[in-house]
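*Asks:* The file below is my_file10.tsv, TSV, C-alpha atoms:
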```tsv
chain	number	residue	atom	x	y	z
A	9	MET	CA	18.66	36.88	-2.75
A	10	ASP	CA	20.34	33.52	-3.22
A	11	ALA	CA	20.72	31.24	-0.24
A	12	THR	CA	24.20	30.98	1.17
A	13	PRO	CA	25.74	28.04	3.01
A	14	GLU	CA	25.16	29.99	6.22
A	15	ASP	CA	21.41	29.86	5.54
A	16	ALA	CA	21.39	26.06	5.35
A	17	PRO	CA	19.67	24.37	8.29
A	18	TYR	CA	21.92	22.74	10.85
A	19	ILE	CA	21.26	19.62	12.85
A	20	SER	CA	23.51	17.84	15.31
A	21	PRO	CA	24.52	14.22	14.57
A	22	GLU	CA	22.53	13.05	17.60
A	23	ALA	CA	19.41	14.89	16.41
A	24	ALA	CA	19.93	13.57	12.85
A	25	ALA	CA	20.18	10.01	14.17
A	26	ARG	CA	17.06	10.49	16.29
A	27	SER	CA	15.22	11.98	13.32
A	28	LEU	CA	16.15	9.02	11.10
A	29	ARG	CA	15.07	6.53	13.76
A	30	GLU	CA	11.74	8.33	14.13
A	31	ILE	CA	11.23	8.36	10.37
A	32	ARG	CA	11.87	4.61	10.11
A	33	SER	CA	9.70	3.87	13.11
A	34	SER	CA	6.73	5.94	11.92
A	35	GLN	CA	6.97	4.63	8.34
A	36	ALA	CA	7.12	1.04	9.58
A	37	GLY	CA	4.16	1.72	11.86
A	38	ILE	CA	1.88	3.08	9.14
A	39	VAL	CA	2.86	0.34	6.69
A	40	ARG	CA	2.22	-2.34	9.33
A	41	ALA	CA	-1.14	-0.82	10.26
A	42	ARG	CA	-3.03	-2.37	7.37
A	43	PRO	CA	-2.65	-5.43	5.14
A	44	TRP	CA	-1.04	-5.03	1.73
A	45	PHE	CA	-4.27	-6.02	-0.03
A	46	PRO	CA	-7.84	-6.48	1.24
A	47	THR	CA	-8.79	-10.16	1.55
A	48	TRP	CA	-12.24	-9.49	0.14
A	49	TYR	CA	-10.74	-8.77	-3.27
A	50	PRO	CA	-9.13	-12.16	-4.08
A	51	THR	CA	-12.08	-13.83	-2.33
A	52	GLY	CA	-14.43	-11.95	-4.65
A	53	VAL	CA	-12.40	-13.05	-7.67
A	54	GLY	CA	-12.66	-16.63	-6.36
A	55	VAL	CA	-16.45	-16.27	-6.08
A	56	TYR	CA	-16.52	-15.00	-9.68
A	57	VAL	CA	-14.53	-17.99	-10.94
A	58	THR	CA	-16.69	-20.39	-8.92
A	59	GLY	CA	-19.87	-18.78	-10.23
A	60	VAL	CA	-18.70	-19.07	-13.84
A	61	GLN	CA	-17.82	-22.74	-13.25
A	62	PHE	CA	-21.25	-23.39	-11.77
A	63	LEU	CA	-23.09	-21.67	-14.60
A	64	THR	CA	-21.14	-23.57	-17.27
A	65	GLU	CA	-21.51	-27.02	-15.68
A	66	PRO	CA	-23.28	-29.62	-17.88
A	67	GLY	CA	-27.04	-29.23	-17.58
A	68	SER	CA	-27.08	-25.46	-17.00
A	69	SER	CA	-29.49	-23.64	-19.33
A	70	ARG	CA	-27.96	-21.18	-21.77
A	71	PRO	CA	-30.15	-18.16	-20.78
A	72	LEU	CA	-29.32	-18.75	-17.11
A	73	ALA	CA	-25.61	-19.00	-17.92
A	74	VAL	CA	-25.61	-15.80	-19.99
A	75	THR	CA	-27.58	-13.87	-17.36
A	76	GLY	CA	-25.52	-15.24	-14.48
A	77	ILE	CA	-22.15	-14.59	-16.11
A	78	THR	CA	-23.26	-11.07	-17.04
A	79	LEU	CA	-24.24	-10.36	-13.42
A	80	LEU	CA	-21.04	-11.92	-12.10
A	81	THR	CA	-18.96	-9.83	-14.51
A	82	LEU	CA	-20.75	-6.68	-13.37
A	83	GLY	CA	-20.03	-7.72	-9.80
A	84	LEU	CA	-16.36	-8.25	-10.62
A	85	ALA	CA	-16.20	-4.82	-12.28
A	86	ALA	CA	-17.74	-3.30	-9.14
A	87	LEU	CA	-15.12	-5.11	-7.08
A	88	VAL	CA	-12.28	-3.69	-9.18
A	89	PHE	CA	-13.85	-0.23	-8.96
A	90	ALA	CA	-14.19	-0.52	-5.16
A	91	LEU	CA	-10.57	-1.66	-4.86
A	92	ALA	CA	-9.35	1.27	-6.93
A	93	ARG	CA	-11.47	3.71	-4.90
A	94	THR	CA	-10.80	2.46	-1.40
A	95	ASN	CA	-7.33	0.99	-1.49
A	96	ARG	CA	-5.18	4.01	-2.22
A	97	GLN	CA	-3.36	4.07	1.09
A	98	VAL	CA	-0.95	1.30	0.23
A	99	PRO	CA	2.83	1.22	0.70
A	100	HIS	CA	4.69	3.04	-2.06
A	101	ARG	CA	5.77	0.77	-4.89
A	102	SER	CA	9.44	1.55	-4.19
A	103	LEU	CA	9.06	-0.29	-0.87
A	104	VAL	CA	7.62	-3.46	-2.39
A	105	ARG	CA	10.57	-5.69	-3.29
A	106	PRO	CA	10.31	-8.09	-6.26
A	107	GLY	CA	10.60	-11.02	-3.84
A	108	LEU	CA	7.39	-9.96	-2.10
A	109	VAL	CA	5.54	-9.65	-5.39
A	110	GLY	CA	6.89	-13.11	-6.26
A	111	ALA	CA	5.55	-14.51	-2.98
A	112	PHE	CA	2.15	-12.97	-3.69
A	113	VAL	CA	2.07	-14.42	-7.22
A	114	ALA	CA	3.17	-17.82	-5.87
A	115	TRP	CA	0.30	-17.73	-3.35
A	116	LEU	CA	-2.17	-16.99	-6.17
A	117	LEU	CA	-0.71	-19.74	-8.36
A	118	VAL	CA	-1.08	-22.28	-5.54
A	119	GLY	CA	-4.79	-21.38	-5.43
A	120	VAL	CA	-5.14	-21.78	-9.20
A	121	ALA	CA	-3.21	-25.08	-9.14
A	122	LEU	CA	-5.42	-26.34	-6.30
A	123	CYS	CA	-8.48	-25.48	-8.38
A	124	LEU	CA	-7.16	-27.19	-11.53
A	125	VAL	CA	-5.97	-30.36	-9.77
A	126	LEU	CA	-9.24	-30.70	-7.86
A	127	ALA	CA	-11.30	-30.06	-10.98
A	128	VAL	CA	-9.46	-32.80	-12.90
A	129	ALA	CA	-9.56	-35.24	-9.98
A	130	LEU	CA	-13.27	-34.71	-9.21
A	131	THR	CA	-14.20	-34.83	-12.90
A	132	SER	CA	-12.32	-38.13	-13.26
A	133	ALA	CA	-14.20	-39.45	-10.23
A	134	GLU	CA	-17.45	-38.32	-11.91
A	135	VAL	CA	-18.39	-36.13	-8.95
A	136	PRO	CA	-21.29	-33.85	-9.92
A	137	TYR	CA	-20.43	-30.15	-10.19
A	138	ALA	CA	-16.73	-31.02	-10.06
A	139	ARG	CA	-15.48	-27.67	-11.39
A	140	THR	CA	-17.77	-25.77	-9.02
A	141	CYS	CA	-16.42	-27.73	-6.05
A	142	ALA	CA	-12.87	-26.99	-7.20
A	143	GLY	CA	-13.75	-23.29	-7.49
A	144	LEU	CA	-15.21	-23.33	-3.99
A	145	ALA	CA	-12.02	-24.90	-2.64
A	146	MET	CA	-9.93	-22.19	-4.32
A	147	THR	CA	-12.21	-19.46	-2.94
A	148	ALA	CA	-11.94	-20.92	0.56
A	149	TYR	CA	-8.14	-21.07	0.21
A	150	LEU	CA	-7.98	-17.41	-0.89
A	151	ALA	CA	-10.38	-16.28	1.86
A	152	ILE	CA	-8.73	-18.23	4.68
A	153	THR	CA	-5.08	-17.62	3.84
A	154	GLY	CA	-5.35	-14.17	2.18
A	155	TRP	CA	-5.34	-12.19	5.40
A	156	ALA	CA	-2.20	-13.93	6.68
A	157	VAL	CA	-0.41	-13.45	3.34
A	158	ALA	CA	-1.33	-9.75	3.17
A	159	ARG	CA	-0.18	-9.24	6.77
A	160	ALA	CA	3.06	-11.14	6.17
A	161	ILE	CA	3.85	-8.94	3.18
A	162	THR	CA	3.29	-5.72	5.15
A	163	ARG	CA	5.38	-7.10	8.03
A	164	ARG	CA	8.24	-7.76	5.60
A	165	ILE	CA	7.96	-4.26	4.11
A	166	ALA	CA	7.95	-2.72	7.61
A	167	ALA	CA	10.93	-4.81	8.70
A	168	LYS	CA	12.88	-3.66	5.64
A	169	ILE	CA	12.10	-0.01	6.48
A	170	GLU	CA	13.28	-0.52	10.06
A	171	GLN	CA	16.53	-2.06	8.83
A	172	GLY	CA	17.14	1.06	6.74
B	19	MET	CA	24.78	17.20	0.28
B	20	ALA	CA	22.68	19.76	2.18
B	21	LEU	CA	19.57	19.58	4.28
B	22	ASP	CA	16.47	20.90	2.55
B	23	PRO	CA	15.15	23.96	4.44
B	24	ILE	CA	11.63	23.36	3.12
B	25	ILE	CA	11.32	19.96	4.80
B	26	HIS	CA	13.74	20.49	7.68
B	27	ALA	CA	11.06	21.46	10.24
B	28	PRO	CA	10.09	18.39	12.32
B	29	ALA	CA	6.39	18.47	11.42
B	30	ARG	CA	7.12	18.80	7.71
B	31	LEU	CA	9.67	16.01	7.84
B	32	ARG	CA	7.11	13.78	9.56
B	33	ILE	CA	4.54	14.64	6.88
B	34	MET	CA	7.03	14.00	4.07
B	35	SER	CA	8.25	10.72	5.57
B	36	LEU	CA	4.69	9.47	5.95
B	37	LEU	CA	3.83	10.42	2.38
B	38	ALA	CA	7.08	8.85	1.15
B	39	ALA	CA	5.97	5.50	2.55
B	40	MET	CA	2.57	5.53	0.86
B	41	GLU	CA	1.26	5.84	-2.67
B	42	GLU	CA	-1.34	8.36	-1.49
B	43	SER	CA	-2.74	9.27	1.92
B	44	GLU	CA	-5.96	10.78	3.10
B	45	PHE	CA	-5.75	14.11	4.91
B	46	ALA	CA	-7.29	12.76	8.13
B	47	PHE	CA	-4.93	9.79	8.13
B	48	VAL	CA	-1.89	12.08	7.84
B	49	ARG	CA	-3.28	14.45	10.49
B	50	ASP	CA	-3.76	11.60	12.97
B	51	ALA	CA	-0.43	9.94	12.18
B	52	VAL	CA	1.55	13.16	12.46
B	53	GLU	CA	-0.54	14.29	15.46
B	54	VAL	CA	-1.23	17.83	14.33
B	55	SER	CA	-4.42	19.84	13.97
B	56	ASP	CA	-6.30	20.28	10.70
B	57	SER	CA	-5.10	23.87	10.37
B	58	VAL	CA	-1.44	23.01	11.01
B	59	LEU	CA	-1.52	20.19	8.46
B	60	SER	CA	-3.29	22.45	5.94
B	61	LYS	CA	-0.62	25.10	6.38
B	62	HIS	CA	2.28	22.68	5.94
B	63	ALA	CA	0.59	20.85	3.07
B	64	SER	CA	0.00	24.16	1.24
B	65	ALA	CA	3.64	25.18	1.73
B	66	LEU	CA	4.84	21.81	0.45
B	67	GLU	CA	2.45	22.04	-2.49
B	68	THR	CA	3.74	25.52	-3.32
B	69	ALA	CA	7.28	24.11	-3.29
B	70	GLY	CA	6.13	21.42	-5.73
B	71	TYR	CA	6.79	18.63	-3.23
B	72	VAL	CA	3.23	17.51	-2.53
B	73	VAL	CA	0.23	17.01	-4.78
B	74	ILE	CA	-3.13	17.74	-3.15
B	75	ARG	CA	-6.17	16.12	-4.70
B	76	LYS	CA	-9.72	16.79	-3.62
B	77	GLY	CA	-12.47	14.27	-4.21
B	78	HIS	CA	-15.47	12.58	-2.67
B	79	VAL	CA	-16.11	9.24	-1.03
B	80	GLY	CA	-19.87	8.94	-1.36
B	81	LYS	CA	-21.11	12.43	-0.57
B	82	ARG	CA	-18.29	13.24	1.84
B	83	PRO	CA	-15.53	15.51	0.59
B	84	ARG	CA	-12.04	14.05	1.01
B	85	THR	CA	-8.57	15.43	0.47
B	86	TRP	CA	-5.71	13.22	-0.60
B	87	LEU	CA	-2.00	13.98	-0.37
B	88	LYS	CA	0.90	12.39	-2.21
B	89	LEU	CA	4.52	13.22	-2.89
B	90	SER	CA	5.33	14.52	-6.34
B	91	ASP	CA	8.39	13.15	-8.13
B	92	VAL	CA	10.25	16.33	-7.19
B	93	GLY	CA	9.12	15.93	-3.59
B	94	ARG	CA	10.28	12.32	-3.47
B	95	GLU	CA	13.70	13.33	-4.83
B	96	ALA	CA	13.94	16.15	-2.27
B	97	TYR	CA	12.92	13.82	0.56
B	98	THR	CA	15.43	11.17	-0.53
B	99	ALA	CA	18.19	13.79	-0.71
B	100	HIS	CA	17.24	15.16	2.73
B	101	VAL	CA	17.34	11.70	4.30
B	102	ALA	CA	20.68	11.05	2.57
B	103	ALA	CA	22.00	14.29	4.08
B	104	LEU	CA	20.84	13.20	7.54
B	105	GLN	CA	22.50	9.82	7.02
B	106	ALA	CA	25.73	11.53	5.94
B	107	ILE	CA	25.72	13.65	9.11
B	108	VAL	CA	25.24	10.56	11.23
B	109	ALA	CA	27.87	8.57	9.31
B	110	GLN	CA	30.46	11.34	9.63
B	111	SER	CA	29.93	11.47	13.38
B	112	GLY	CA	30.44	7.75	13.76
B	113	LEU	CA	27.05	7.34	15.46
B	114	SER	CA	24.99	4.22	14.87
B	115	LEU	CA	21.31	4.16	13.92
B	116	THR	CA	20.75	0.76	15.42
B	117	GLY	CA	21.27	1.80	19.03
B	118	GLU	CA	18.97	4.02	21.04
```
Just give me the structure as structure tokens.

*Replies:*
Amino acid sequence: MDATPEDAPYISPEAAARSLREIRSSQAGIVRARPWFPTWYPTGVGVYVTGVQFLTEPGSSRPLAVTGITLLTLGLAALVFALARTNRQVPHRSLVRPGLVGAFVAWLLVGVALCLVLAVALTSAEVPYARTCAGLAMTAYLAITGWAVARAITRRIAAKIEQG
Amino acid sequence: MALDPIIHAPARLRIMSLLAAMEESEFAFVRDAVEVSDSVLSKHASALETAGYVVIRKGHVGKRPRTWLKLSDVGREAYTAHVAALQAIVAQSGLSLTGE
């Protein structure tokens, strides 16, 4: 038998308003409960970049470089695998506004720019292991600021949910 | 715009709204967030799966079995329409969502 309008559920305006407020509140709460991305991931990528810089510095032996880069690449692959396996409970993509993605990309680009500028400056100053030092600085930047950036992004997503 | 009888029940609406906010959620996470028992969540999740609103995926983390829930495209559309119906009811009454 087909449903009739009389079969449709009814809810009072007050109950509907309360229901919507509860939905927004609970969604904001679960989004806010965890950072948008785990800090260990960009930090791990920074370690990979730093390792590659170290192994390709002048004076490094070729067998050591090949072995080291192979191991680092396997480590990076494991990192990507772990991220894909463990980081499924993330806010739905429809909630992540382009501006937030832009802020995330800008944060990454600042790290890359820091690495490049330092590498050029230290190389010009003939500091030994200049590129490695620059990579370390980028890794430290990603590790130290990553948590705050990830939290700020989830706070923005939650605030947008609460606004409706 | 009508309310969806499948997701109208408070517990189901809470489950759907939680799943709508996430890409995918683990069974235990949903159970704790919605504050229901395993059996109650299983029952609602099965009903929502039967309706085509929720996709249930079973897997393992290490050796431990895990169950993951996510909204299907149909489920997301139904949830969005249900919330829109709730908003329409509130708007027609002149109530505000910002006040308590």

*Asks:* Counting only C-alpha atoms, which residues of chain A fall within 6 Å of chain B, and what is the closest atom pair for each with its distance in Å at one decimal, ordered by chain and rising number, as a Markdown table?

*Replies:*
```
| residue | atom | partner | partner_atom | distance |
| --- | --- | --- | --- | --- |
| A:Pro17 | CA | B:Pro23 | CA | 6.0 |
| A:Pro21 | CA | B:Val108 | CA | 5.0 |
| A:Ala24 | CA | B:Leu104 | CA | 5.4 |
| A:Ala25 | CA | B:Val108 | CA | 5.9 |
| A:Gln35 | CA | B:Leu36 | CA | 5.9 |
| A:Arg96 | CA | B:Glu42 | CA | 5.8 |
| A:Gln97 | CA | B:Ser43 | CA | 5.3 |
| A:Val98 | CA | B:Met40 | CA | 5.5 |
| A:Pro99 | CA | B:Met40 | CA | 4.3 |
| A:His100 | CA | B:Met40 | CA | 4.4 |
```

*Asks:* Separation of CA of Val125 (chain A) and CA of Cys141 (chain A), in Å?

*Replies:*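 Interatomic distance, CA of Val125 (chain A) to CA of Cys141 (chain A): 11.4 Å.
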
*Asks:* For CA of Ala96 (chain B) and CA of Glu170 (chain A), determine how far apart the two atoms are, in Å to one decimal place.

*Replies:*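 So the two atoms, CA of Ala96 (chain B) and CA of Glu170 (chain A), lie 20.7 Å apart.
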
*Asks:* Using all atoms listed in the file, which protein or nucleic acid residues come within 12 Å of Thr64 (chain A)? Drop anything in the same chain fewer than 5 positions from it, and give the result as a list in words.

*Replies:*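 Counting all atoms listed in the file, the residues come to Val57, Thr58, Gly59, Ser69, Arg70, Pro71, Leu72, Ala73, Val74, Thr75, Gly76, Ile77, Tyr137, Ala138, Arg139 and Thr140 of chain A.
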
*Asks:* Taking 2 positions as the minimum chain separation for residues in the same chain, which residues sit within 6 Å of Ala142 (chain A) when counting all atoms listed in the file? Answer as a VMD selection string.

*Replies:* chain A and resid 123 126 to 127 139 to 140 144 to 145

*Asks:* Once 5 Å is added on each side, what centre and edge lengths in Å to one decimal does the axis-aligned box around all listed atoms of region 60-71 of chain A have, as JSON?

*Replies:*
```
{"center_x": -24.0, "center_y": -23.9, "center_z": -16.8, "size_x": 22.3, "size_y": 21.5, "size_z": 20.0}
```

*Asks:* Counting all atoms listed in the file, what is within 12 Å of Lys61 (chain B), bar same-chain residues fewer than 4 positions away, as a ChimeraX atom specification?

*Replies:* /B:29-30,33,49,54-57,65-68

*Asks:* Just give me the gap between CA of Phe45 (chain B) and CA of Leu87 (chain B) in Å, one decimal is fine.

*Replies:*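 A separation of 6.5 Å between them.
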
*Asks:* Please identify all polymer residues lying at most 9 Å from the point (-4.7, -14.9, 2.4) (file coordinates), using all atoms listed in the file, and present the result as a list in words.

*Replies:*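 It turns out the residues near that spot are Thr47, Pro50, Thr51, Trp115, Tyr149, Leu150, Ala151, Ile152, Thr153, Gly154, Trp155, Ala156, Val157, Ala158 and Arg159 of chain A.
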
*Asks:* Which residue gives the smallest distance to Ala121 (chain A) among A:Pro136, A:Gly37, A:Gly143, A:Pro46, with only C-alpha atoms counted?

*Replies:* A:Gly143
